[in-house]
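Participant: Contents of work20.csv (CSV, N, CA and C atoms):
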chain,number,residue,atom,x,y,z
A,1,MET,N,-84.5,6.8,-148.8
A,1,MET,CA,-84.3,6.1,-150.0
A,1,MET,C,-83.9,4.6,-149.8
A,2,ASN,N,-83.6,4.3,-148.6
A,2,ASN,CA,-83.1,2.9,-148.3
A,2,ASN,C,-84.1,1.9,-148.9
A,3,GLY,N,-83.6,1.0,-149.7
A,3,GLY,CA,-84.3,-0.1,-150.3
A,3,GLY,C,-85.3,0.2,-151.4
A,4,LEU,N,-85.5,1.5,-151.8
A,4,LEU,CA,-86.4,1.8,-152.9
A,4,LEU,C,-85.8,1.4,-154.2
A,5,ARG,N,-86.6,0.8,-155.0
A,5,ARG,CA,-86.2,0.5,-156.4
A,5,ARG,C,-86.5,1.8,-157.2
A,6,VAL,N,-85.4,2.4,-157.8
A,6,VAL,CA,-85.6,3.6,-158.5
A,6,VAL,C,-85.0,3.5,-159.9
A,7,LEU,N,-85.7,4.1,-160.9
A,7,LEU,CA,-85.3,4.1,-162.3
A,7,LEU,C,-85.0,5.6,-162.7
A,8,ASP,N,-83.8,5.8,-163.2
A,8,ASP,CA,-83.4,7.1,-163.8
A,8,ASP,C,-83.4,6.9,-165.3
A,9,LEU,N,-84.3,7.6,-166.0
A,9,LEU,CA,-84.4,7.5,-167.4
A,9,LEU,C,-83.6,8.6,-168.1
A,10,GLY,N,-82.7,8.2,-169.0
A,10,GLY,CA,-81.8,9.1,-169.6
A,10,GLY,C,-80.8,9.6,-168.7
A,11,SER,N,-80.1,8.7,-168.0
A,11,SER,CA,-79.2,9.0,-166.9
A,11,SER,C,-77.9,9.7,-167.3
A,12,GLY,N,-77.6,9.7,-168.5
A,12,GLY,CA,-76.3,10.4,-168.9
A,12,GLY,C,-75.1,9.9,-168.2
A,13,LEU,N,-74.4,10.8,-167.5
A,13,LEU,CA,-73.2,10.4,-166.8
A,13,LEU,C,-73.5,9.7,-165.5
A,14,GLY,N,-74.7,9.6,-165.1
A,14,GLY,CA,-75.1,8.9,-163.9
A,14,GLY,C,-74.9,9.6,-162.6
A,15,ARG,N,-74.7,10.9,-162.6
A,15,ARG,CA,-74.5,11.7,-161.4
A,15,ARG,C,-75.6,11.6,-160.4
A,16,HIS,N,-76.9,11.8,-160.9
A,16,HIS,CA,-78.0,11.8,-160.0
A,16,HIS,C,-78.2,10.4,-159.5
A,17,ALA,N,-78.1,9.4,-160.3
A,17,ALA,CA,-78.2,8.0,-159.9
A,17,ALA,C,-77.2,7.6,-158.8
A,18,ALA,N,-76.0,8.0,-159.0
A,18,ALA,CA,-74.9,7.7,-158.0
A,18,ALA,C,-75.2,8.4,-156.7
A,19,TYR,N,-75.8,9.6,-156.7
A,19,TYR,CA,-76.1,10.3,-155.5
A,19,TYR,C,-77.2,9.5,-154.7
A,20,LEU,N,-78.2,9.1,-155.4
A,20,LEU,CA,-79.3,8.3,-154.8
A,20,LEU,C,-78.8,6.9,-154.3
A,21,ALA,N,-77.9,6.3,-155.1
A,21,ALA,CA,-77.4,5.0,-154.6
A,21,ALA,C,-76.6,5.2,-153.3
A,22,ALA,N,-75.8,6.3,-153.2
A,22,ALA,CA,-75.1,6.6,-152.0
A,22,ALA,C,-76.0,6.7,-150.8
A,23,ARG,N,-77.2,7.0,-151.0
A,23,ARG,CA,-78.2,7.2,-149.9
A,23,ARG,C,-79.1,6.0,-149.8
A,24,GLY,N,-78.7,4.9,-150.3
A,24,GLY,CA,-79.4,3.6,-150.1
A,24,GLY,C,-80.4,3.1,-151.1
A,25,ALA,N,-80.6,3.9,-152.2
A,25,ALA,CA,-81.5,3.4,-153.2
A,25,ALA,C,-80.9,2.3,-154.0
A,26,ASP,N,-81.7,1.4,-154.5
A,26,ASP,CA,-81.3,0.4,-155.5
A,26,ASP,C,-81.7,1.0,-156.8
A,27,ILE,N,-80.8,1.6,-157.5
A,27,ILE,CA,-81.1,2.4,-158.7
A,27,ILE,C,-80.6,1.9,-160.0
A,28,THR,N,-81.5,1.8,-161.0
A,28,THR,CA,-81.1,1.5,-162.3
A,28,THR,C,-81.1,2.7,-163.2
A,29,ALA,N,-79.9,3.0,-163.8
A,29,ALA,CA,-79.7,4.2,-164.6
A,29,ALA,C,-79.6,3.8,-166.0
A,30,VAL,N,-80.7,4.2,-166.8
A,30,VAL,CA,-80.8,3.7,-168.2
A,30,VAL,C,-80.5,4.9,-169.1
A,31,ASP,N,-79.6,4.7,-170.1
A,31,ASP,CA,-79.3,5.7,-171.1
A,31,ASP,C,-79.1,4.9,-172.4
A,32,ALA,N,-79.6,5.4,-173.5
A,32,ALA,CA,-79.5,4.8,-174.8
A,32,ALA,C,-78.2,5.1,-175.5
A,33,SER,N,-77.5,6.0,-175.0
A,33,SER,CA,-76.2,6.4,-175.7
A,33,SER,C,-75.1,5.5,-175.2
A,34,PRO,N,-74.4,4.7,-176.1
A,34,PRO,CA,-73.3,3.9,-175.6
A,34,PRO,C,-72.1,4.8,-175.1
A,35,ALA,N,-71.9,6.0,-175.7
A,35,ALA,CA,-70.9,6.9,-175.2
A,35,ALA,C,-71.2,7.4,-173.7
A,36,GLN,N,-72.4,7.8,-173.5
A,36,GLN,CA,-72.7,8.2,-172.1
A,36,GLN,C,-72.7,7.1,-171.1
A,37,HIS,N,-73.1,5.9,-171.6
A,37,HIS,CA,-73.1,4.7,-170.7
A,37,HIS,C,-71.6,4.4,-170.3
A,38,GLN,N,-70.7,4.5,-171.3
A,38,GLN,CA,-69.3,4.2,-171.0
A,38,GLN,C,-68.7,5.2,-170.1
A,39,ARG,N,-69.1,6.5,-170.3
A,39,ARG,CA,-68.6,7.5,-169.3
A,39,ARG,C,-69.1,7.3,-167.9
A,40,ALA,N,-70.4,6.9,-167.8
A,40,ALA,CA,-70.9,6.6,-166.4
A,40,ALA,C,-70.2,5.4,-165.8
A,41,LEU,N,-69.9,4.3,-166.6
A,41,LEU,CA,-69.2,3.2,-166.1
A,41,LEU,C,-67.8,3.5,-165.6
A,42,THR,N,-67.2,4.4,-166.3
A,42,THR,CA,-65.8,4.9,-166.0
A,42,THR,C,-65.9,5.7,-164.7
A,43,ARG,N,-66.9,6.6,-164.6
A,43,ARG,CA,-67.0,7.5,-163.5
A,43,ARG,C,-67.4,6.8,-162.2
A,44,TYR,N,-68.3,5.8,-162.3
A,44,TYR,CA,-68.8,5.2,-161.1
A,44,TYR,C,-68.6,3.6,-161.1
A,45,PRO,N,-67.4,3.2,-161.2
A,45,PRO,CA,-67.2,1.7,-161.2
A,45,PRO,C,-67.5,1.0,-159.9
A,46,GLY,N,-68.3,0.0,-159.9
A,46,GLY,CA,-68.6,-0.8,-158.7
A,46,GLY,C,-69.3,-0.1,-157.6
A,47,THR,N,-70.1,1.0,-158.0
A,47,THR,CA,-70.8,1.7,-156.9
A,47,THR,C,-72.0,0.8,-156.4
A,48,PRO,N,-72.0,0.6,-155.1
A,48,PRO,CA,-73.1,-0.3,-154.6
A,48,PRO,C,-74.4,0.3,-154.8
A,49,GLY,N,-75.4,-0.5,-155.2
A,49,GLY,CA,-76.7,-0.1,-155.5
A,49,GLY,C,-77.0,0.6,-156.8
A,50,LEU,N,-75.9,0.8,-157.6
A,50,LEU,CA,-76.1,1.5,-158.9
A,50,LEU,C,-75.9,0.5,-160.0
A,51,HIS,N,-76.9,0.4,-160.9
A,51,HIS,CA,-76.9,-0.5,-162.0
A,51,HIS,C,-77.0,0.3,-163.3
A,52,LEU,N,-75.9,0.4,-164.0
A,52,LEU,CA,-75.9,1.2,-165.2
A,52,LEU,C,-76.2,0.3,-166.4
A,53,VAL,N,-77.2,0.8,-167.2
A,53,VAL,CA,-77.8,0.0,-168.3
A,53,VAL,C,-77.8,0.8,-169.6
A,54,CYS,N,-77.3,0.3,-170.6
A,54,CYS,CA,-77.4,0.9,-171.9
A,54,CYS,C,-78.5,0.3,-172.7
A,55,ALA,N,-79.6,1.0,-172.8
A,55,ALA,CA,-80.8,0.4,-173.4
A,55,ALA,C,-81.8,1.5,-173.8
A,56,ASP,N,-82.7,1.2,-174.7
A,56,ASP,CA,-83.9,2.0,-175.0
A,56,ASP,C,-84.8,2.0,-173.8
A,57,ALA,N,-85.2,3.2,-173.4
A,57,ALA,CA,-86.1,3.4,-172.2
A,57,ALA,C,-87.3,2.5,-172.2
A,58,VAL,N,-88.0,2.5,-173.4
A,58,VAL,CA,-89.3,1.8,-173.5
A,58,VAL,C,-89.0,0.3,-173.4
A,59,ALA,N,-88.0,-0.2,-174.1
A,59,ALA,CA,-87.7,-1.6,-174.1
A,59,ALA,C,-87.4,-2.0,-172.6
A,60,HIS,N,-86.6,-1.2,-171.9
A,60,HIS,CA,-86.2,-1.5,-170.6
A,60,HIS,C,-87.5,-1.6,-169.7
A,61,LEU,N,-88.4,-0.6,-169.8
A,61,LEU,CA,-89.6,-0.6,-169.0
A,61,LEU,C,-90.5,-1.8,-169.3
A,62,CYS,N,-90.5,-2.2,-170.5
A,62,CYS,CA,-91.3,-3.4,-170.9
A,62,CYS,C,-90.8,-4.7,-170.3
A,63,ASP,N,-89.5,-4.8,-170.1
A,63,ASP,CA,-88.9,-6.0,-169.5
A,63,ASP,C,-88.6,-6.0,-168.0
A,64,ALA,N,-88.7,-4.8,-167.4
A,64,ALA,CA,-88.3,-4.7,-166.0
A,64,ALA,C,-89.5,-4.9,-165.1
A,65,ASP,N,-89.2,-5.3,-163.8
A,65,ASP,CA,-90.2,-5.3,-162.8
A,65,ASP,C,-90.5,-3.9,-162.4
A,66,PRO,N,-91.7,-3.6,-161.9
A,66,PRO,CA,-92.1,-2.2,-161.6
A,66,PRO,C,-91.1,-1.6,-160.6
A,67,TYR,N,-90.9,-0.3,-160.7
A,67,TYR,CA,-90.1,0.5,-159.8
A,67,TYR,C,-90.9,1.3,-158.8
A,68,ASP,N,-90.3,1.6,-157.7
A,68,ASP,CA,-91.0,2.4,-156.7
A,68,ASP,C,-91.0,3.9,-157.0
A,69,LEU,N,-90.1,4.3,-157.8
A,69,LEU,CA,-89.9,5.7,-158.2
A,69,LEU,C,-89.3,5.7,-159.6
A,70,VAL,N,-89.8,6.5,-160.5
A,70,VAL,CA,-89.2,6.7,-161.8
A,70,VAL,C,-89.0,8.2,-162.0
A,71,TYR,N,-87.8,8.6,-162.4
A,71,TYR,CA,-87.5,10.0,-162.6
A,71,TYR,C,-86.6,10.2,-163.9
A,72,SER,N,-86.7,11.4,-164.4
A,72,SER,CA,-85.9,11.8,-165.5
A,72,SER,C,-85.6,13.3,-165.4
A,73,VAL,N,-84.3,13.7,-165.5
A,73,VAL,CA,-83.9,15.1,-165.3
A,73,VAL,C,-83.5,15.6,-166.7
A,74,GLY,N,-84.3,16.3,-167.4
A,74,GLY,CA,-83.9,17.0,-168.6
A,74,GLY,C,-83.8,16.0,-169.8
A,75,SER,N,-84.2,14.8,-169.7
A,75,SER,CA,-84.1,13.9,-170.8
A,75,SER,C,-85.3,13.7,-171.7
A,76,MET,N,-86.4,14.3,-171.4
A,76,MET,CA,-87.6,14.1,-172.2
A,76,MET,C,-87.4,14.6,-173.6
A,77,PRO,N,-86.7,15.6,-173.9
A,77,PRO,CA,-86.5,16.0,-175.3
A,77,PRO,C,-85.9,14.9,-176.2
A,78,TYR,N,-85.2,13.9,-175.5
A,78,TYR,CA,-84.6,12.8,-176.2
A,78,TYR,C,-85.4,11.5,-176.2
A,79,LEU,N,-86.6,11.6,-175.5
A,79,LEU,CA,-87.4,10.4,-175.4
A,79,LEU,C,-88.7,10.7,-176.1
A,80,ASP,N,-89.3,9.7,-176.8
A,80,ASP,CA,-90.6,9.9,-177.5
A,80,ASP,C,-91.7,9.7,-176.5
A,81,PRO,N,-92.4,10.7,-176.1
A,81,PRO,CA,-93.5,10.6,-175.2
A,81,PRO,C,-94.6,9.6,-175.6
A,82,ASP,N,-94.8,9.6,-176.9
A,82,ASP,CA,-95.9,8.7,-177.4
A,82,ASP,C,-95.5,7.2,-177.2
A,83,ARG,N,-94.3,6.9,-177.1
A,83,ARG,CA,-93.8,5.5,-176.8
A,83,ARG,C,-93.6,5.3,-175.3
A,84,LEU,N,-93.1,6.4,-174.7
A,84,LEU,CA,-92.7,6.2,-173.2
A,84,LEU,C,-93.9,6.2,-172.3
A,85,LEU,N,-94.8,7.2,-172.4
A,85,LEU,CA,-95.8,7.4,-171.4
A,85,LEU,C,-96.7,6.2,-171.2
A,86,PRO,N,-97.2,5.6,-172.3
A,86,PRO,CA,-98.0,4.4,-172.1
A,86,PRO,C,-97.4,3.3,-171.3
A,87,VAL,N,-96.1,3.1,-171.4
A,87,VAL,CA,-95.4,2.0,-170.7
A,87,VAL,C,-95.0,2.5,-169.3
A,88,LEU,N,-94.9,3.8,-169.1
A,88,LEU,CA,-94.5,4.3,-167.8
A,88,LEU,C,-95.4,3.9,-166.7
A,89,ALA,N,-96.7,3.9,-166.9
A,89,ALA,CA,-97.7,3.6,-165.9
A,89,ALA,C,-97.5,2.1,-165.4
A,90,ASN,N,-97.1,1.2,-166.3
A,90,ASN,CA,-96.9,-0.2,-165.9
A,90,ASN,C,-95.5,-0.4,-165.3
A,91,GLY,N,-94.6,0.6,-165.5
A,91,GLY,CA,-93.3,0.5,-165.0
A,91,GLY,C,-93.2,0.9,-163.5
A,92,LEU,N,-94.3,1.4,-162.9
A,92,LEU,CA,-94.3,1.9,-161.6
A,92,LEU,C,-95.1,0.9,-160.7
A,93,ALA,N,-94.6,0.7,-159.5
A,93,ALA,CA,-95.4,0.0,-158.5
A,93,ALA,C,-96.6,0.8,-158.1
A,94,PRO,N,-97.7,0.2,-157.7
A,94,PRO,CA,-98.9,0.9,-157.3
A,94,PRO,C,-98.6,2.1,-156.4
A,95,GLY,N,-99.0,3.3,-156.7
A,95,GLY,CA,-98.8,4.5,-155.9
A,95,GLY,C,-97.4,5.1,-156.1
A,96,GLY,N,-96.6,4.5,-157.0
A,96,GLY,CA,-95.2,5.0,-157.2
A,96,GLY,C,-95.2,6.4,-157.9
A,97,PRO,N,-94.4,7.3,-157.4
A,97,PRO,CA,-94.4,8.6,-158.1
A,97,PRO,C,-93.5,8.7,-159.3
A,98,THR,N,-93.7,9.6,-160.2
A,98,THR,CA,-92.9,9.9,-161.4
A,98,THR,C,-92.5,11.3,-161.3
A,99,ALA,N,-91.3,11.6,-161.6
A,99,ALA,CA,-90.8,13.0,-161.7
A,99,ALA,C,-90.1,13.2,-163.1
A,100,LEU,N,-90.7,14.0,-164.0
A,100,LEU,CA,-90.1,14.3,-165.3
A,100,LEU,C,-89.8,15.7,-165.2
A,101,LEU,N,-88.5,16.0,-164.8
A,101,LEU,CA,-88.1,17.4,-164.6
A,101,LEU,C,-87.6,18.0,-165.9
A,102,GLY,N,-88.1,19.3,-166.1
A,102,GLY,CA,-87.6,20.0,-167.3
A,102,GLY,C,-88.3,19.6,-168.5
A,103,ALA,N,-89.5,19.0,-168.4
A,103,ALA,CA,-90.2,18.5,-169.6
A,103,ALA,C,-91.7,19.0,-169.7
A,104,ALA,N,-92.2,19.8,-168.8
A,104,ALA,CA,-93.6,20.1,-168.8
A,104,ALA,C,-94.1,20.7,-170.2
A,105,HIS,N,-93.2,21.5,-170.8
A,105,HIS,CA,-93.7,22.1,-172.1
A,105,HIS,C,-93.8,21.0,-173.1
A,106,GLN,N,-93.0,20.0,-173.1
A,106,GLN,CA,-93.1,19.0,-174.1
A,106,GLN,C,-94.2,18.0,-173.8
A,107,LEU,N,-94.4,17.7,-172.6
A,107,LEU,CA,-95.5,16.7,-172.2
A,107,LEU,C,-96.8,17.3,-172.4
A,108,GLY,N,-97.0,18.6,-172.2
A,108,GLY,CA,-98.3,19.2,-172.3
A,108,GLY,C,-99.1,19.0,-173.5
A,109,ARG,N,-98.4,18.7,-174.6
A,109,ARG,CA,-99.1,18.6,-175.9
A,109,ARG,C,-99.4,17.1,-176.2
A,110,HIS,N,-99.2,16.2,-175.2
A,110,HIS,CA,-99.5,14.8,-175.5
A,110,HIS,C,-100.6,14.3,-174.6
A,111,ARG,N,-101.6,13.7,-175.2
A,111,ARG,CA,-102.8,13.2,-174.4
A,111,ARG,C,-102.4,12.0,-173.5
A,112,ALA,N,-101.3,11.3,-173.8
A,112,ALA,CA,-100.9,10.2,-173.0
A,112,ALA,C,-100.5,10.5,-171.6
A,113,VAL,N,-100.3,11.8,-171.3
A,113,VAL,CA,-99.9,12.2,-169.9
A,113,VAL,C,-100.9,11.7,-168.9
A,114,SER,N,-102.2,11.8,-169.3
A,114,SER,CA,-103.2,11.3,-168.3
A,114,SER,C,-103.2,9.9,-168.0
A,115,ARG,N,-102.4,9.1,-168.7
A,115,ARG,CA,-102.3,7.7,-168.5
A,115,ARG,C,-101.2,7.4,-167.4
A,116,VAL,N,-100.4,8.3,-167.0
A,116,VAL,CA,-99.4,8.1,-166.0
A,116,VAL,C,-99.9,8.2,-164.6
A,117,ASP,N,-100.6,7.2,-164.1
A,117,ASP,CA,-101.1,7.2,-162.8
A,117,ASP,C,-101.0,5.8,-162.2
A,118,ALA,N,-99.8,5.4,-161.7
A,118,ALA,CA,-99.6,4.1,-161.3
A,118,ALA,C,-100.5,3.6,-160.2
A,119,GLY,N,-101.2,4.4,-159.5
A,119,GLY,CA,-102.2,4.0,-158.5
A,119,GLY,C,-103.5,3.5,-159.1
A,120,GLY,N,-103.7,3.6,-160.4
A,120,GLY,CA,-104.9,3.2,-161.0
A,120,GLY,C,-104.9,1.7,-161.5
A,121,ALA,N,-105.9,1.4,-162.2
A,121,ALA,CA,-106.0,0.0,-162.7
A,121,ALA,C,-104.8,-0.3,-163.7
A,122,PRO,N,-104.5,-1.6,-163.8
A,122,PRO,CA,-103.4,-1.9,-164.8
A,122,PRO,C,-103.8,-1.4,-166.2
A,123,ARG,N,-102.8,-1.0,-166.9
A,123,ARG,CA,-103.1,-0.5,-168.3
A,123,ARG,C,-102.2,-1.3,-169.3
A,124,SER,N,-102.6,-1.2,-170.5
A,124,SER,CA,-101.9,-1.9,-171.5
A,124,SER,C,-100.5,-1.3,-171.6
A,125,CYS,N,-99.5,-2.2,-171.7
A,125,CYS,CA,-98.1,-1.7,-171.7
A,125,CYS,C,-97.8,-0.9,-172.9
A,126,GLY,N,-98.3,-1.1,-174.0
A,126,GLY,CA,-97.9,-0.4,-175.2
A,126,GLY,C,-96.7,-1.0,-175.9
A,127,CYS,N,-96.2,-2.1,-175.3
A,127,CYS,CA,-95.0,-2.8,-175.9
A,127,CYS,C,-95.5,-3.6,-177.1
A,128,PRO,N,-94.7,-3.8,-178.0
A,128,PRO,CA,-95.1,-4.7,-179.1
A,128,PRO,C,-95.4,-6.1,-178.6
A,129,GLU,N,-96.4,-6.8,-179.2
A,129,GLU,CA,-96.7,-8.1,-178.8
A,129,GLU,C,-95.5,-9.0,-179.3
A,130,PRO,N,-95.2,-10.1,-178.5
A,130,PRO,CA,-94.2,-11.0,-179.0
A,130,PRO,C,-94.7,-11.7,-180.3
A,131,PRO,N,-93.8,-12.2,-181.1
A,131,PRO,CA,-94.3,-12.8,-182.4
A,131,PRO,C,-95.1,-14.1,-182.0
A,132,LYS,N,-96.1,-14.3,-182.8
A,132,LYS,CA,-96.9,-15.5,-182.5
A,132,LYS,C,-96.2,-16.7,-183.1
A,133,THR,N,-96.2,-17.8,-182.4
A,133,THR,CA,-95.6,-19.0,-182.9
A,133,THR,C,-96.7,-19.9,-183.7
A,134,THR,N,-96.2,-20.5,-184.7
A,134,THR,CA,-97.1,-21.4,-185.4
A,134,THR,C,-96.7,-22.8,-185.2
A,135,GLU,N,-97.7,-23.6,-185.0
A,135,GLU,CA,-97.4,-25.0,-184.7
A,135,GLU,C,-97.8,-25.9,-185.8
As structure tokens, please, write out the structure in this file.

Facilitator:
Amino acid sequence: MNGLRVLDLGSGLGRHAAYLAARGADITAVDASPAQHQRALTRYPGTPGLHLVCADAVAHLCDADPYDLVYSVGSMPYLDPDRLLPVLANGLAPGGPTALLGAAHQLGRHRAVSRVDAGGAPRSCGCPEPPKTTE
């Protein structure tokens, strides 16, 4: 795990993220719940390599540099796959793996699953376009 940039989507209390940070990963743990985010901050203050972020997963992926590994443990029921999966491919470095644990039944009914292949050609992010400026 040393030096890998890892993203934990729907990190909750941050337990999995803290485990990976302790093993050398540079991990960003994103959760949209302010209460869960605060609990994680309280539980793992100043943990080296652990970056706790309170944000929408799609917005974070649109703004972040690509990660070497993206995973989510049991959070898919709380994330909209129609919004998440199109941006997930761009959120991974080429060849980067994705692990969406506990979500196969939910993902199976979405055509966007086939778009999650970071080793392929660049794909449209799916993020809203920035507002056009008029001059």

Participant: Between CA of Leu79 (chain A) and CA of Tyr44 (chain A), what is the distance in Å, rounded to a tenth?

Facilitator: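 Calculated distance between CA of Leu79 (chain A) and CA of Tyr44 (chain A) is 24.0 Å.
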
Participant: What separation in Å, quoted to one decimal, exists between atom C of Leu85 (chain A) and CA of Arg23 (chain A)?

Facilitator: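 Answer for the atom C of Leu85 (chain A) to CA of Arg23 (chain A) separation: 28.2 Å.
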
Participant: Figure out the distance between atom C of Asp8 (chain A) and CA of Met76 (chain A), please, to one decimal in Å.

Facilitator: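 Atom C of Asp8 (chain A) lies 10.8 Å from CA of Met76 (chain A).
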
Participant: Identify which of the residues A:Gly10, A:Gly49, A:Pro34, A:Gly3 lies closest to Tyr71 (chain A), counting all atoms listed in the file when measuring atom-to-atom distances.

Facilitator: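 Of A:Gly10, A:Gly49, A:Pro34, A:Gly3, the one nearest Tyr71 (chain A) is A:Gly10, counting all atoms listed in the file.
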
Participant: Nearest to Leu52 (chain A) among A:Val30, A:Leu88, A:Met1, A:Leu20, with distances taken over all atoms listed in the file: which residue is it?

Facilitator: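 Closest to Leu52 (chain A), using all atoms listed in the file: A:Val30.
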
Participant: Restricting the calculation to all atoms listed in the file: of A:Ala93, A:Leu84, A:Ala22, A:Ala35, which residue gets closest to Val70 (chain A)?

Facilitator: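 Using all atoms listed in the file, the shortest distance to Val70 (chain A) belongs to A:Ala93.
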
Participant: Here's a test: counting only C-alpha atoms, identify every protein, DNA and RNA residue with an atom at most 12 Å from (-89.7, 0.5, -160.1) in the file's coordinate frame, and state them as a short mmCIF file (atom, residue, chain, number, x, y, z; two decimals) with N, CA and C atoms, in the frame of the given file.

Facilitator:
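Result written to point14.cif:
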data_model
loop_
_atom_site.label_atom_id
_atom_site.label_comp_id
_atom_site.auth_asym_id
_atom_site.auth_seq_id
_atom_site.Cartn_x
_atom_site.Cartn_y
_atom_site.Cartn_z
N GLY A 3 -83.60 1.00 -149.70
CA GLY A 3 -84.30 -0.10 -150.30
C GLY A 3 -85.30 0.20 -151.40
N LEU A 4 -85.50 1.50 -151.80
CA LEU A 4 -86.40 1.80 -152.90
C LEU A 4 -85.80 1.40 -154.20
N ARG A 5 -86.60 0.80 -155.00
CA ARG A 5 -86.20 0.50 -156.40
C ARG A 5 -86.50 1.80 -157.20
N VAL A 6 -85.40 2.40 -157.80
CA VAL A 6 -85.60 3.60 -158.50
C VAL A 6 -85.00 3.50 -159.90
N LEU A 7 -85.70 4.10 -160.90
CA LEU A 7 -85.30 4.10 -162.30
C LEU A 7 -85.00 5.60 -162.70
N ASP A 8 -83.80 5.80 -163.20
CA ASP A 8 -83.40 7.10 -163.80
C ASP A 8 -83.40 6.90 -165.30
N LEU A 9 -84.30 7.60 -166.00
CA LEU A 9 -84.40 7.50 -167.40
C LEU A 9 -83.60 8.60 -168.10
N ALA A 25 -80.60 3.90 -152.20
CA ALA A 25 -81.50 3.40 -153.20
C ALA A 25 -80.90 2.30 -154.00
N ASP A 26 -81.70 1.40 -154.50
CA ASP A 26 -81.30 0.40 -155.50
C ASP A 26 -81.70 1.00 -156.80
N ILE A 27 -80.80 1.60 -157.50
CA ILE A 27 -81.10 2.40 -158.70
C ILE A 27 -80.60 1.90 -160.00
N THR A 28 -81.50 1.80 -161.00
CA THR A 28 -81.10 1.50 -162.30
C THR A 28 -81.10 2.70 -163.20
N ALA A 29 -79.90 3.00 -163.80
CA ALA A 29 -79.70 4.20 -164.60
C ALA A 29 -79.60 3.80 -166.00
N HIS A 60 -86.60 -1.20 -171.90
CA HIS A 60 -86.20 -1.50 -170.60
C HIS A 60 -87.50 -1.60 -169.70
N LEU A 61 -88.40 -0.60 -169.80
CA LEU A 61 -89.60 -0.60 -169.00
C LEU A 61 -90.50 -1.80 -169.30
N CYS A 62 -90.50 -2.20 -170.50
CA CYS A 62 -91.30 -3.40 -170.90
C CYS A 62 -90.80 -4.70 -170.30
N ASP A 63 -89.50 -4.80 -170.10
CA ASP A 63 -88.90 -6.00 -169.50
C ASP A 63 -88.60 -6.00 -168.00
N ALA A 64 -88.70 -4.80 -167.40
CA ALA A 64 -88.30 -4.70 -166.00
C ALA A 64 -89.50 -4.90 -165.10
N ASP A 65 -89.20 -5.30 -163.80
CA ASP A 65 -90.20 -5.30 -162.80
C ASP A 65 -90.50 -3.90 -162.40
N PRO A 66 -91.70 -3.60 -161.90
CA PRO A 66 -92.10 -2.20 -161.60
C PRO A 66 -91.10 -1.60 -160.60
N TYR A 67 -90.90 -0.30 -160.70
CA TYR A 67 -90.10 0.50 -159.80
C TYR A 67 -90.90 1.30 -158.80
N ASP A 68 -90.30 1.60 -157.70
CA ASP A 68 -91.00 2.40 -156.70
C ASP A 68 -91.00 3.90 -157.00
N LEU A 69 -90.10 4.30 -157.80
CA LEU A 69 -89.90 5.70 -158.20
C LEU A 69 -89.30 5.70 -159.60
N VAL A 70 -89.80 6.50 -160.50
CA VAL A 70 -89.20 6.70 -161.80
C VAL A 70 -89.00 8.20 -162.00
N TYR A 71 -87.80 8.60 -162.40
CA TYR A 71 -87.50 10.00 -162.60
C TYR A 71 -86.60 10.20 -163.90
N LEU A 88 -94.90 3.80 -169.10
CA LEU A 88 -94.50 4.30 -167.80
C LEU A 88 -95.40 3.90 -166.70
N ALA A 89 -96.70 3.90 -166.90
CA ALA A 89 -97.70 3.60 -165.90
C ALA A 89 -97.50 2.10 -165.40
N ASN A 90 -97.10 1.20 -166.30
CA ASN A 90 -96.90 -0.20 -165.90
C ASN A 90 -95.50 -0.40 -165.30
N GLY A 91 -94.60 0.60 -165.50
CA GLY A 91 -93.30 0.50 -165.00
C GLY A 91 -93.20 0.90 -163.50
N LEU A 92 -94.30 1.40 -162.90
CA LEU A 92 -94.30 1.90 -161.60
C LEU A 92 -95.10 0.90 -160.70
N ALA A 93 -94.60 0.70 -159.50
CA ALA A 93 -95.40 0.00 -158.50
C ALA A 93 -96.60 0.80 -158.10
N PRO A 94 -97.70 0.20 -157.70
CA PRO A 94 -98.90 0.90 -157.30
C PRO A 94 -98.60 2.10 -156.40
N GLY A 95 -99.00 3.30 -156.70
CA GLY A 95 -98.80 4.50 -155.90
C GLY A 95 -97.40 5.10 -156.10
N GLY A 96 -96.60 4.50 -157.00
CA GLY A 96 -95.20 5.00 -157.20
C GLY A 96 -95.20 6.40 -157.90
N PRO A 97 -94.40 7.30 -157.40
CA PRO A 97 -94.40 8.60 -158.10
C PRO A 97 -93.50 8.70 -159.30
N THR A 98 -93.70 9.60 -160.20
CA THR A 98 -92.90 9.90 -161.40
C THR A 98 -92.50 11.30 -161.30
N ALA A 118 -99.80 5.40 -161.70
CA ALA A 118 -99.60 4.10 -161.30
C ALA A 118 -100.50 3.60 -160.20
#

Participant: Kindly indicate which residue among A:His16, A:Pro77, A:Arg43, A:Ser11 lies nearest to Ala55 (chain A), using only C-alpha atoms for the distances.

Facilitator: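 Smallest distance to Ala55 (chain A) is found for A:Ser11.
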
Participant: Taking only N, CA and C atoms into account, name the residue in A:Asp80, A:Pro86, A:Ala32, A:Thr42 that is nearest to Cys54 (chain A).

Facilitator: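 The closest residue to Cys54 (chain A) is A:Ala32.
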